[in-house]
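Step one of this worksheet: look at the structure below.
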2 protein chains.
Amino acid sequence: MEVVKRLSIKDIAKTASVSNSTVSRALRNSPLVNRETGELIRKLAEEAGYRPSAAARSLVTRRTDTIGVVVTNISDPFVAGVVSGIEDAAEERGYSVFLANSNAEPAREKRVVRSFEERRVDGIIVTSSRVGALHVPMLTQMEVPLVLLNNQHPSEAAHSVMIDNEGGSYAAAMHLARLGHKRIGYIGDRYGHQSDAERHAGYERALAEMGIAFDAALSVRGDGKPEGARAALGQLLELREPPTAVFCYNDMSALGAVHEARARGLRVPEDLSLVGFDDLYISQYLNPPLTTVRQPMAEMGRLATHTLLRLIMKEASSQIVKVPGELIVRASTCRPRETR
Amino acid sequence: MEVVKRLSIKDIAKTASVSNSTVSRALRNSPLVNRETGELIRKLAEEAGYRPSAAARSLVTRRTDTIGVVVTNISDPFVAGVVSGIEDAAEERGYSVFLANSNAEPAREKRVVRSFEERRVDGIIVTSSRVGALHVPMLTQMEVPLVLLNNQHPSEAAHSVMIDNEGGSYAAAMHLARLGHKRIGYIGDRYGHQSDAERHAGYERALAEMGIAFDAALSVRGDGKPEGARAALGQLLELREPPTAVFCYNDMSALGAVHEARARGLRVPEDLSLVGFDDLYISQYLNPPLTTVRQPMAEMGRLATHTLLRLIMKEASSQIVKVPGELIVRASTCRPRETR
DNA sequence: CTGAAAGCGCTTACAG
DNA sequence: CTGAAAGCGCTTACAG
């Protein structure tokens, strides 16, 4: 592969026998250019395989048509779904996206944000962060529009797109209570996520509404992943009066809970009803298919992008967009044994 | 939020009472700068929250420390795992990554590559592409280093990182044959993927080695997703002599196959053994836990990045890196009924 | 409709 | 060790 010198606007100007200015205008379809001249220039540029330098352009326009996305972990299917929506919406509008994993490490998140600032991204979206780097002081002094998606610390200082955690888990717990369950467990998270607190609140509200006394022993902590949920379910099942149904913080937790239940010889849902939160793509194919609260992941990503683009354009935009979750009833829940 | 004017190198130079050149050198820790002066400048820049403009720098250095990653669909867990490894390796070396979904649309893939060219990415990684945009002519005239990862059309013109499809599926099929299965089905893909052909070849080699006659009726086409596999398994099960074991093109197909088997009242693995390919994170938690061929997704992403960085640095690099798969035996396979 | 010129914010020979 | 100057490749008032 020989080193081909990158063509510049000057090269095109020379072959077209016009000035740089005219080439620049022609390539952006400026009406200031004579139609025939414009067409000729575009044809020449295309044939030569000319690619204008985004860096040079952005230096003068002071925008890069670029957004930065910070995620904790792109391997998390929820995050991947969100990013997919972000990328789609961005691509539609001619924006490119920088993707960076923070791995939930504050130091790395800080490095990432710094790098985004140097690259002069027009805006930043942060998904599901639970780390400390993005504290209010940092947020407020940020010179770049910022949108948080399901962030653990939505702030006055930033715009947010969030799932309605409380409403979603209320619906999930109501579903279980209406099936006749009285002992309903909650497998949460352990990182002090606000989402965990909100989901727990929805669970409590449903219990209260159904006249079921809240029992603190039935609320245990997982880690949002299968392993943590297995241990957490273990705790619940060793209670003197174990639950007949458990609402899990997310589908990954529910996956672990199903696994653990089976390992202990319990059938789901006959012996134990299980509900998740997210509705990951795979959840419908699990055995049994999982009852869960759907988060429209891609749609939320699109919403976050639209909010961000509005901020970039300095258009008005609601401070916080709350997206409703939808209860999807599948086969991992049924009436408790006693009532059948 | 007031519009804060971005600080430039000139501002720092002024407050430090030195020239732009010295600031530039100091910020990059050049030994050409007096130590104390350098420290002062760096302190001033830090306090002021100065962020050098990557665009301005790259205009003169002719590199952007940026790589472009084209994926078919970031929601695919295999792809997400690969991207995670790419991002990690890139971040370690100070590179930022642009992520773009092609959605397997040739037109979009073309747009993406063009945009990457305009952004002057230092290199491009394309994952699992099956679309036509990246044909040999396009590859060869590409002025940017390119690495393909599990691409359907590895080419003389590009470097590649690939899983050993043939070897992996050979191991999987051997596992089934050694368990005593004689009627072993294959649920493939339908898009003419080279990976499909290679996995099928490994399957055939195992059959041959175990003295099992190849029966074309036992090879059917899914679509790499649960739905396609369900239909494909249906075909197999309606055969006069249905298989007692099926090797699936990937874990997503196996997920659909398990689902379909259950729907037909078959137990996995007692009535039907099932093997996948990928070892997605969730596969260990499925019911039953899935026997599969592991692709080290993140590691492959890292390898692709390292290969790409070597190309960027114009260092020697092997044209094609073939990564071995590893058979992971779990609970979705057992001996066929007759032999138990 | 077109072009010459200035300028975006850096880096880097070059001269001292 | 430091600075003045040129230049990277664009865009855009400004003048014609």
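Chain labels follow the order of the structure tokens: the first chain is A, the next B, and so on; residue numbering restarts at 1 in every chain, and ligands are counted from 1 in their shown order.
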
ask   = For chain C against chain B, which residues fall within 9 Å using only C-alpha atoms (C1' of nucleotides), given as number ranges by chain?
value = C: 8-12

Can you show chain A as a short mmCIF file (atom, residue, chain, number, x, y, z; two decimals) with C-alpha atoms, in the first residue's frame once it has been least-squares superposed onto chain B, using every C-alpha atom paired in order?
data_model
loop_
_atom_site.label_atom_id
_atom_site.label_comp_id
_atom_site.auth_asym_id
_atom_site.auth_seq_id
_atom_site.Cartn_x
_atom_site.Cartn_y
_atom_site.Cartn_z
CA MET A 1 -25.06 28.26 31.46
CA GLU A 2 -23.11 31.18 30.06
CA VAL A 3 -21.18 30.62 26.91
CA VAL A 4 -17.64 30.30 28.13
CA LYS A 5 -15.09 31.01 25.49
CA ARG A 6 -12.85 28.04 25.04
CA LEU A 7 -9.35 28.77 26.21
CA SER A 8 -6.65 28.51 23.60
CA ILE A 9 -2.97 28.02 23.87
CA LYS A 10 -2.62 31.76 23.44
CA ASP A 11 -4.50 32.45 26.65
CA ILE A 12 -2.22 30.18 28.60
CA ALA A 13 0.83 31.70 26.95
CA LYS A 14 -0.32 35.16 27.98
CA THR A 15 -0.91 34.31 31.63
CA ALA A 16 2.39 32.46 31.77
CA SER A 17 4.22 35.23 29.90
CA VAL A 18 5.79 32.85 27.43
CA SER A 19 5.25 32.06 23.77
CA ASN A 20 2.74 29.65 22.30
CA SER A 21 5.60 27.38 21.35
CA THR A 22 6.73 27.05 24.90
CA VAL A 23 3.25 26.32 26.14
CA SER A 24 2.81 23.71 23.46
CA ARG A 25 6.06 22.06 24.44
CA ALA A 26 5.40 22.27 28.14
CA LEU A 27 2.01 20.63 27.87
CA ARG A 28 3.51 17.69 26.07
CA ASN A 29 6.29 17.46 28.62
CA SER A 30 8.98 18.24 26.14
CA PRO A 31 12.48 18.08 27.61
CA LEU A 32 13.17 21.22 25.60
CA VAL A 33 11.43 23.25 28.26
CA ASN A 34 13.00 24.46 31.45
CA ARG A 35 11.63 22.32 34.22
CA GLU A 36 10.29 25.11 36.39
CA THR A 37 8.77 26.93 33.47
CA GLY A 38 7.14 23.70 32.36
CA GLU A 39 5.68 23.04 35.76
CA LEU A 40 4.32 26.54 36.05
CA ILE A 41 2.68 26.33 32.65
CA ARG A 42 1.11 22.98 33.41
CA LYS A 43 -0.17 24.27 36.71
CA LEU A 44 -1.67 27.34 35.08
CA ALA A 45 -3.26 25.29 32.31
CA GLU A 46 -4.74 22.84 34.78
CA GLU A 47 -6.17 25.59 36.95
CA ALA A 48 -7.69 27.30 33.97
CA GLY A 49 -9.22 24.02 32.84
CA TYR A 50 -7.51 24.36 29.49
CA ARG A 51 -8.12 21.54 27.01
CA PRO A 52 -5.94 21.55 23.92
CA SER A 53 -7.93 21.15 20.74
CA ALA A 54 -7.45 17.71 19.27
CA ALA A 55 -8.62 18.98 15.89
CA ALA A 56 -6.00 21.70 15.72
CA ARG A 57 -3.29 19.34 16.80
CA SER A 58 -4.25 16.60 14.40
CA LEU A 59 -4.29 19.07 11.55
CA VAL A 60 -0.56 19.40 11.89
CA THR A 61 0.43 16.00 13.24
CA ARG A 62 -1.69 14.25 10.61
CA ARG A 63 -3.01 11.73 13.06
CA THR A 64 -6.09 11.80 15.20
CA ASP A 65 -5.47 9.02 17.74
CA THR A 66 -8.86 7.81 16.77
CA ILE A 67 -10.14 4.53 15.37
CA GLY A 68 -13.45 3.77 13.70
CA VAL A 69 -15.40 0.63 14.50
CA VAL A 70 -18.12 -0.56 12.17
CA VAL A 71 -20.50 -3.14 13.58
CA THR A 72 -23.64 -4.67 12.17
CA ASN A 73 -25.53 -4.21 15.39
CA ILE A 74 -24.20 -3.25 18.77
CA SER A 75 -27.17 -4.94 20.46
CA ASP A 76 -25.82 -8.31 19.41
CA PRO A 77 -24.09 -9.61 22.55
CA PHE A 78 -21.23 -11.08 20.58
CA VAL A 79 -20.57 -7.75 18.93
CA ALA A 80 -20.89 -5.90 22.21
CA GLY A 81 -18.29 -8.20 23.76
CA VAL A 82 -15.91 -7.55 20.91
CA VAL A 83 -16.42 -3.81 21.07
CA SER A 84 -15.77 -3.85 24.77
CA GLY A 85 -12.36 -5.40 24.14
CA ILE A 86 -11.63 -2.96 21.34
CA GLU A 87 -12.48 0.01 23.48
CA ASP A 88 -10.39 -1.23 26.39
CA ALA A 89 -7.33 -1.79 24.26
CA ALA A 90 -7.77 1.52 22.46
CA GLU A 91 -8.23 3.48 25.65
CA GLU A 92 -5.08 1.93 27.09
CA ARG A 93 -3.10 3.30 24.18
CA GLY A 94 -4.71 6.72 24.21
CA TYR A 95 -7.02 6.18 21.28
CA SER A 96 -10.69 7.13 21.16
CA VAL A 97 -13.18 5.03 19.27
CA PHE A 98 -15.94 6.03 16.92
CA LEU A 99 -18.71 3.46 16.91
CA ALA A 100 -21.12 3.03 14.03
CA ASN A 101 -23.88 0.53 13.36
CA SER A 102 -24.20 -0.53 9.76
CA ASN A 103 -27.41 -2.44 10.39
CA ALA A 104 -26.11 -4.71 7.66
CA GLU A 105 -27.20 -2.12 5.12
CA PRO A 106 -24.58 -1.60 2.43
CA ALA A 107 -25.63 2.02 1.92
CA ARG A 108 -25.23 2.81 5.57
CA GLU A 109 -21.94 1.00 5.78
CA LYS A 110 -20.71 3.11 2.91
CA ARG A 111 -21.85 6.32 4.61
CA VAL A 112 -20.14 5.27 7.79
CA VAL A 113 -16.85 4.53 6.12
CA ARG A 114 -16.98 7.85 4.29
CA SER A 115 -17.62 9.68 7.52
CA PHE A 116 -14.69 7.85 9.12
CA GLU A 117 -12.50 8.94 6.25
CA GLU A 118 -13.53 12.56 6.68
CA ARG A 119 -12.79 12.32 10.36
CA ARG A 120 -9.38 10.98 9.45
CA VAL A 121 -9.53 8.01 11.77
CA ASP A 122 -6.13 6.39 11.99
CA GLY A 123 -7.64 2.97 11.33
CA ILE A 124 -10.85 1.02 11.01
CA ILE A 125 -12.11 -2.25 12.45
CA VAL A 126 -15.08 -3.96 10.84
CA THR A 127 -16.86 -6.64 12.83
CA SER A 128 -19.01 -9.48 11.54
CA SER A 129 -19.92 -7.68 8.38
CA ARG A 130 -21.76 -9.62 5.81
CA VAL A 131 -22.62 -6.72 3.57
CA GLY A 132 -21.23 -5.83 0.24
CA ALA A 133 -19.89 -2.36 0.71
CA LEU A 134 -16.49 -3.55 1.76
CA HIS A 135 -15.59 -5.44 -1.33
CA VAL A 136 -12.06 -5.97 -2.39
CA PRO A 137 -11.88 -2.93 -4.68
CA MET A 138 -13.07 -0.71 -1.88
CA LEU A 139 -10.69 -2.32 0.53
CA THR A 140 -7.64 -1.91 -1.62
CA GLN A 141 -8.22 1.74 -2.36
CA MET A 142 -8.82 2.48 1.27
CA GLU A 143 -6.18 4.81 2.50
CA VAL A 144 -6.61 3.78 6.08
CA PRO A 145 -5.40 0.62 7.83
CA LEU A 146 -8.22 -1.88 8.18
CA VAL A 147 -8.75 -4.96 10.30
CA LEU A 148 -11.65 -7.32 9.82
CA LEU A 149 -12.97 -9.32 12.76
CA ASN A 150 -14.89 -12.49 11.96
CA ASN A 151 -15.73 -10.92 8.68
CA GLN A 152 -17.57 -12.93 6.14
CA HIS A 153 -15.15 -12.07 3.41
CA PRO A 154 -11.64 -11.99 4.71
CA SER A 155 -9.56 -10.76 1.90
CA GLU A 156 -6.03 -10.63 0.67
CA ALA A 157 -6.42 -6.92 0.89
CA ALA A 158 -7.03 -6.72 4.60
CA HIS A 159 -5.80 -8.04 7.90
CA SER A 160 -8.14 -10.24 9.86
CA VAL A 161 -8.81 -11.67 13.27
CA MET A 162 -10.98 -14.74 13.08
CA ILE A 163 -12.25 -17.49 15.30
CA ASP A 164 -11.33 -20.98 14.17
CA ASN A 165 -14.80 -21.88 13.01
CA GLU A 166 -13.92 -25.24 11.58
CA GLY A 167 -11.98 -26.40 14.61
CA GLY A 168 -14.58 -25.18 17.06
CA SER A 169 -17.49 -26.88 15.44
CA TYR A 170 -15.46 -30.00 14.86
CA ALA A 171 -14.94 -30.17 18.62
CA ALA A 172 -18.62 -29.57 19.24
CA ALA A 173 -19.76 -32.25 16.83
CA MET A 174 -17.14 -34.68 18.10
CA HIS A 175 -18.47 -34.14 21.59
CA LEU A 176 -21.94 -35.12 20.43
CA ALA A 177 -20.73 -38.09 18.42
CA ARG A 178 -18.65 -39.39 21.28
CA LEU A 179 -21.68 -39.21 23.55
CA GLY A 180 -23.17 -41.76 21.19
CA HIS A 181 -25.33 -39.60 18.95
CA LYS A 182 -25.72 -40.87 15.38
CA ARG A 183 -28.35 -38.47 14.11
CA ILE A 184 -26.78 -35.07 14.62
CA GLY A 185 -28.43 -32.04 13.09
CA TYR A 186 -26.94 -28.72 12.08
CA ILE A 187 -28.86 -25.47 12.31
CA GLY A 188 -26.96 -22.94 10.24
CA ASP A 189 -27.35 -19.44 9.02
CA ARG A 190 -28.99 -18.34 5.81
CA TYR A 191 -26.88 -15.45 4.62
CA GLY A 192 -24.08 -17.33 2.96
CA HIS A 193 -21.67 -16.42 5.72
CA GLN A 194 -18.30 -17.93 5.33
CA SER A 195 -18.43 -18.70 9.04
CA ASP A 196 -21.50 -20.82 8.41
CA ALA A 197 -19.71 -22.77 5.70
CA GLU A 198 -16.70 -23.29 7.96
CA ARG A 199 -18.74 -24.38 10.92
CA HIS A 200 -20.58 -26.79 8.71
CA ALA A 201 -17.29 -28.13 7.44
CA GLY A 202 -16.11 -28.85 10.97
CA TYR A 203 -19.36 -30.64 11.65
CA GLU A 204 -18.94 -32.76 8.55
CA ARG A 205 -15.37 -33.61 9.39
CA ALA A 206 -16.40 -34.86 12.82
CA LEU A 207 -19.14 -37.01 11.34
CA ALA A 208 -16.74 -38.50 8.83
CA GLU A 209 -14.18 -39.18 11.49
CA MET A 210 -16.77 -40.96 13.61
CA GLY A 211 -18.05 -42.96 10.68
CA ILE A 212 -21.42 -41.27 10.61
CA ALA A 213 -22.83 -40.82 7.12
CA PHE A 214 -23.62 -37.22 6.27
CA ASP A 215 -27.34 -36.70 5.74
CA ALA A 216 -28.19 -33.47 3.96
CA ALA A 217 -31.67 -33.48 5.43
CA LEU A 218 -30.12 -32.88 8.84
CA SER A 219 -28.58 -29.57 7.80
CA VAL A 220 -31.10 -26.75 7.90
CA ARG A 221 -30.93 -22.98 7.85
CA GLY A 222 -31.77 -20.66 10.73
CA ASP A 223 -30.95 -16.98 10.78
CA GLY A 224 -28.51 -16.68 13.65
CA LYS A 225 -31.33 -15.60 15.93
CA PRO A 226 -33.81 -17.46 18.11
CA GLU A 227 -36.75 -17.14 15.74
CA GLY A 228 -35.00 -18.61 12.74
CA ALA A 229 -33.67 -21.46 14.83
CA ARG A 230 -37.13 -22.30 16.14
CA ALA A 231 -38.43 -22.80 12.65
CA ALA A 232 -35.31 -24.69 11.66
CA LEU A 233 -35.58 -27.03 14.60
CA GLY A 234 -39.19 -27.59 13.68
CA GLN A 235 -38.06 -28.84 10.30
CA LEU A 236 -35.60 -31.22 11.88
CA LEU A 237 -38.08 -32.60 14.36
CA GLU A 238 -40.59 -33.33 11.66
CA LEU A 239 -38.16 -35.56 9.84
CA ARG A 240 -39.06 -39.21 9.78
CA GLU A 241 -35.88 -39.87 11.69
CA PRO A 242 -35.33 -36.72 13.71
CA PRO A 243 -31.92 -35.97 15.23
CA THR A 244 -31.14 -36.71 18.84
CA ALA A 245 -28.68 -33.86 18.97
CA VAL A 246 -28.28 -30.56 17.15
CA PHE A 247 -25.31 -28.28 16.75
CA CYS A 248 -26.39 -24.68 16.33
CA TYR A 249 -24.57 -21.95 14.44
CA ASN A 250 -24.50 -19.75 17.55
CA ASP A 251 -25.84 -19.40 21.07
CA MET A 252 -28.74 -17.24 19.99
CA SER A 253 -29.83 -20.03 17.68
CA ALA A 254 -29.40 -22.54 20.48
CA LEU A 255 -31.56 -20.33 22.69
CA GLY A 256 -34.33 -20.49 20.12
CA ALA A 257 -33.83 -24.22 19.69
CA VAL A 258 -34.18 -24.87 23.42
CA HIS A 259 -37.30 -22.78 23.40
CA GLU A 260 -38.81 -24.65 20.50
CA ALA A 261 -37.88 -28.04 21.93
CA ARG A 262 -39.66 -27.19 25.17
CA ALA A 263 -42.66 -25.92 23.28
CA ARG A 264 -42.89 -29.33 21.67
CA GLY A 265 -42.64 -31.10 24.96
CA LEU A 266 -39.08 -32.28 24.53
CA ARG A 267 -36.67 -32.14 27.40
CA VAL A 268 -33.18 -30.78 26.87
CA PRO A 269 -30.89 -32.66 27.02
CA GLU A 270 -32.73 -35.87 27.85
CA ASP A 271 -34.68 -35.91 24.59
CA LEU A 272 -32.51 -33.59 22.58
CA SER A 273 -28.94 -32.47 23.09
CA LEU A 274 -28.14 -28.95 21.96
CA VAL A 275 -24.82 -27.18 21.43
CA GLY A 276 -24.21 -23.55 20.61
CA PHE A 277 -21.31 -21.40 19.51
CA ASP A 278 -20.07 -18.18 21.16
CA ASP A 279 -20.47 -18.73 24.90
CA LEU A 280 -22.34 -15.53 25.53
CA TYR A 281 -22.32 -14.33 29.09
CA ILE A 282 -25.88 -15.50 29.64
CA SER A 283 -25.31 -18.99 28.26
CA GLN A 284 -24.01 -20.32 31.53
CA TYR A 285 -27.23 -19.23 33.23
CA LEU A 286 -29.66 -20.70 30.77
CA ASN A 287 -31.87 -23.57 31.73
CA PRO A 288 -30.16 -25.87 31.07
CA PRO A 289 -26.76 -24.20 31.01
CA LEU A 290 -25.58 -24.37 27.45
CA THR A 291 -22.80 -26.52 26.06
CA THR A 292 -21.06 -24.31 23.55
CA VAL A 293 -17.85 -23.27 21.82
CA ARG A 294 -16.38 -20.23 23.47
CA GLN A 295 -15.21 -17.32 21.42
CA PRO A 296 -13.07 -15.04 23.56
CA MET A 297 -14.94 -11.97 22.39
CA ALA A 298 -13.19 -9.26 24.34
CA GLU A 299 -9.83 -10.85 23.66
CA MET A 300 -10.57 -10.92 19.96
CA GLY A 301 -11.46 -7.26 20.11
CA ARG A 302 -8.19 -6.52 21.85
CA LEU A 303 -6.28 -8.53 19.27
CA ALA A 304 -7.94 -6.67 16.43
CA THR A 305 -7.02 -3.38 18.07
CA HIS A 306 -3.42 -4.41 18.60
CA THR A 307 -3.18 -5.56 15.01
CA LEU A 308 -4.63 -2.27 13.86
CA LEU A 309 -2.31 -0.18 16.00
CA ARG A 310 0.62 -2.12 14.62
CA LEU A 311 -0.55 -1.34 11.11
CA ILE A 312 -0.92 2.30 12.04
CA MET A 313 2.61 2.34 13.38
CA LYS A 314 3.72 0.59 10.20
CA GLU A 315 5.02 -2.32 12.18
CA ALA A 316 4.91 -5.83 10.84
CA SER A 317 1.78 -7.74 11.67
CA SER A 318 0.43 -11.12 10.70
CA GLN A 319 -2.11 -10.98 7.91
CA ILE A 320 -4.55 -13.24 9.65
CA VAL A 321 -4.81 -14.14 13.30
CA LYS A 322 -6.83 -17.29 13.90
CA VAL A 323 -8.13 -17.66 17.42
CA PRO A 324 -9.01 -21.13 18.72
CA GLY A 325 -12.44 -21.74 20.15
CA GLU A 326 -12.88 -23.75 23.31
CA LEU A 327 -15.55 -26.34 23.84
CA ILE A 328 -17.39 -25.69 27.08
CA VAL A 329 -19.39 -28.69 28.16
CA ARG A 330 -22.38 -27.86 30.28
CA ALA A 331 -25.78 -29.40 30.82
CA SER A 332 -27.51 -29.09 27.46
CA THR A 333 -25.88 -32.25 26.14
CA CYS A 334 -25.95 -35.87 27.28
CA ARG A 335 -26.03 -39.36 25.85
CA PRO A 336 -28.92 -40.22 23.58
CA ARG A 337 -31.81 -42.06 25.16
CA GLU A 338 -31.24 -45.42 23.47
CA THR A 339 -27.79 -45.73 24.95
CA ARG A 340 -28.72 -44.92 28.50
#

request  = Extract the full set of strand (DSSP E or B) residues from range 119-259 of chain A according to DSSP on the backbone, and format it as a list of chain:residue names.
outcome  =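 Written out, the strand (DSSP E or B) residues of range 119-259 of chain A are A:Gly123, A:Ile124, A:Ile125, A:Val126, A:Thr127, A:Leu146, A:Val147, A:Leu148, A:Leu149, A:His159, A:Ser160, A:Val161, A:Met162, A:Ile163, A:Ile184, A:Gly185, A:Tyr186, A:Ile187, A:Gly188, A:Ser219, A:Val220, A:Arg221, A:Ala245, A:Val246, A:Phe247, A:Cys248.
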
For the selection you just gave me, I'd like the residues written to a file as a short mmCIF file (atom, residue, chain, number, x, y, z; two decimals), in the first residue's frame, keeping C-alpha atoms.
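out.cif written:
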data_model
loop_
_atom_site.label_atom_id
_atom_site.label_comp_id
_atom_site.auth_asym_id
_atom_site.auth_seq_id
_atom_site.Cartn_x
_atom_site.Cartn_y
_atom_site.Cartn_z
CA GLY A 123 -22.43 17.04 23.56
CA ILE A 124 -22.16 14.12 25.93
CA ILE A 125 -24.54 11.37 27.01
CA VAL A 126 -23.78 9.40 30.15
CA THR A 127 -25.59 6.12 30.66
CA LEU A 146 -24.89 16.85 28.82
CA VAL A 147 -27.72 14.36 29.03
CA LEU A 148 -27.89 11.64 31.64
CA LEU A 149 -29.72 8.41 30.89
CA HIS A 159 -30.91 17.05 31.59
CA SER A 160 -32.05 13.49 32.04
CA VAL A 161 -33.93 10.69 30.41
CA MET A 162 -35.13 8.17 32.93
CA ILE A 163 -37.34 5.15 33.13
CA ILE A 184 -43.25 -11.13 47.99
CA GLY A 185 -39.51 -10.69 48.07
CA TYR A 186 -37.36 -7.98 46.55
CA ILE A 187 -33.87 -8.64 45.24
CA GLY A 188 -32.21 -5.26 44.84
CA SER A 219 -35.76 -7.18 50.85
CA VAL A 220 -32.25 -8.36 50.08
CA ARG A 221 -29.36 -7.09 48.01
CA ALA A 245 -42.73 -14.62 44.60
CA VAL A 246 -39.76 -12.34 44.08
CA PHE A 247 -39.40 -9.11 42.18
CA CYS A 248 -35.87 -8.65 40.89
#

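Straight-line separation from C1' of DA5 in chain C to C1' of DA5 in chain D: 17.5 Å.
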
Helix (DSSP H, G or I) call set, DSSP backbone run, range 29-265 of chain A, as a ChimeraX atom specification = /A:35-48,54-61,77-92,106-118,136-141,165-178,194-209,216-218,226-237,251-263

Dump C-alpha atoms for the selected residues as a compact mmCIF listing (two decimals), in the first residue's frame?
# COMPACT_ATOMS: atom_id res chain seq x y z
CA ARG A 35 -24.90 25.47 -10.97
CA GLU A 36 -22.72 24.08 -13.72
CA THR A 37 -19.53 25.02 -11.95
CA GLY A 38 -20.84 23.39 -8.80
CA GLU A 39 -21.71 20.19 -10.59
CA LEU A 40 -18.33 20.02 -12.27
CA ILE A 41 -16.53 20.52 -8.99
CA ARG A 42 -18.57 17.87 -7.24
CA LYS A 43 -17.96 15.46 -10.07
CA LEU A 44 -14.24 16.08 -9.98
CA ALA A 45 -14.10 15.74 -6.21
CA GLU A 46 -16.05 12.50 -6.30
CA GLU A 47 -13.85 11.02 -9.00
CA ALA A 48 -10.73 11.96 -7.13
CA ALA A 54 -13.57 17.28 9.36
CA ALA A 55 -10.85 18.58 11.66
CA ALA A 56 -10.04 21.54 9.45
CA ARG A 57 -13.67 22.37 9.01
CA SER A 58 -14.52 22.11 12.67
CA LEU A 59 -11.64 24.37 13.54
CA VAL A 60 -13.45 27.20 11.87
CA THR A 61 -17.09 26.23 12.35
CA PRO A 77 -27.29 -5.72 27.15
CA PHE A 78 -29.32 -2.85 28.53
CA VAL A 79 -26.51 -0.44 27.78
CA ALA A 80 -25.97 -1.92 24.34
CA GLY A 81 -29.64 -1.41 23.54
CA VAL A 82 -29.46 2.20 24.60
CA VAL A 83 -26.30 2.83 22.61
CA SER A 84 -27.90 1.31 19.56
CA GLY A 85 -30.69 3.86 19.77
CA ILE A 86 -28.25 6.69 20.37
CA GLU A 87 -26.17 5.75 17.38
CA ASP A 88 -29.20 5.44 15.12
CA ALA A 89 -30.56 8.83 16.06
CA ALA A 90 -27.14 10.45 15.80
CA GLU A 91 -26.40 8.94 12.42
CA GLU A 92 -29.75 10.16 11.11
CA PRO A 106 -14.17 7.24 38.50
CA ALA A 107 -10.61 7.78 37.26
CA ARG A 108 -11.39 6.34 33.88
CA GLU A 109 -14.62 8.27 33.62
CA LYS A 110 -12.67 11.43 34.29
CA ARG A 111 -10.11 10.57 31.61
CA VAL A 112 -12.87 9.86 29.16
CA VAL A 113 -14.65 13.13 29.77
CA ARG A 114 -11.37 15.01 29.42
CA SER A 115 -10.66 13.30 26.14
CA PHE A 116 -14.16 14.18 24.94
CA GLU A 117 -13.52 17.79 25.84
CA GLU A 118 -10.28 17.82 23.88
CA VAL A 136 -22.62 18.37 40.47
CA PRO A 137 -19.58 20.66 40.53
CA MET A 138 -18.13 18.88 37.55
CA LEU A 139 -21.43 18.95 35.78
CA THR A 140 -22.01 22.63 36.22
CA GLN A 141 -18.60 23.67 35.00
CA ASN A 165 -38.69 3.08 38.13
CA GLU A 166 -41.33 3.54 40.76
CA GLY A 167 -44.25 3.07 38.42
CA GLY A 168 -42.73 0.06 36.71
CA SER A 169 -41.99 -1.85 39.85
CA TYR A 170 -45.32 -0.87 41.32
CA ALA A 171 -46.96 -2.56 38.34
CA ALA A 172 -44.75 -5.61 38.74
CA ALA A 173 -45.46 -5.99 42.44
CA MET A 174 -49.17 -5.36 41.92
CA HIS A 175 -49.19 -8.13 39.36
CA LEU A 176 -47.75 -10.52 41.94
CA ALA A 177 -50.05 -9.36 44.70
CA ARG A 178 -53.11 -9.68 42.52
CA GLN A 194 -31.24 5.70 43.06
CA SER A 195 -32.99 3.35 40.66
CA ASP A 196 -32.83 0.65 43.31
CA ALA A 197 -34.41 2.94 45.87
CA GLU A 198 -37.14 3.92 43.42
CA ARG A 199 -37.89 0.38 42.39
CA HIS A 200 -38.09 -0.58 46.01
CA ALA A 201 -40.46 2.29 46.65
CA GLY A 202 -42.80 1.08 43.91
CA TYR A 203 -42.72 -2.38 45.43
CA GLU A 204 -43.58 -0.99 48.84
CA ARG A 205 -46.41 1.09 47.48
CA ALA A 206 -47.97 -1.95 45.85
CA LEU A 207 -47.73 -3.95 49.06
CA ALA A 208 -49.33 -1.14 51.02
CA GLU A 209 -52.10 -0.79 48.50
CA ALA A 216 -37.77 -5.95 55.82
CA ALA A 217 -36.43 -9.49 55.83
CA LEU A 218 -37.89 -9.95 52.36
CA PRO A 226 -26.88 -13.27 38.04
CA GLU A 227 -24.31 -14.19 40.66
CA GLY A 228 -25.40 -11.62 43.20
CA ALA A 229 -29.02 -12.58 42.70
CA ARG A 230 -28.28 -16.25 43.28
CA ALA A 231 -26.85 -15.52 46.68
CA ALA A 232 -29.65 -13.10 47.44
CA LEU A 233 -32.31 -15.61 46.53
CA GLY A 234 -30.54 -18.11 48.73
CA GLN A 235 -31.01 -15.76 51.65
CA LEU A 236 -34.69 -15.40 50.91
CA LEU A 237 -35.28 -19.11 50.57
CA ASP A 251 -33.57 -9.22 34.18
CA MET A 252 -29.99 -10.26 34.80
CA SER A 253 -30.85 -10.69 38.46
CA ALA A 254 -33.96 -12.63 37.52
CA LEU A 255 -31.82 -14.86 35.32
CA GLY A 256 -29.65 -15.68 38.30
CA ALA A 257 -32.69 -16.17 40.50
CA VAL A 258 -34.24 -18.67 38.08
CA HIS A 259 -30.94 -20.48 37.99
CA GLU A 260 -30.67 -20.64 41.74
CA ALA A 261 -34.28 -21.71 42.17
CA ARG A 262 -33.74 -24.62 39.79
CA ALA A 263 -30.55 -25.56 41.55
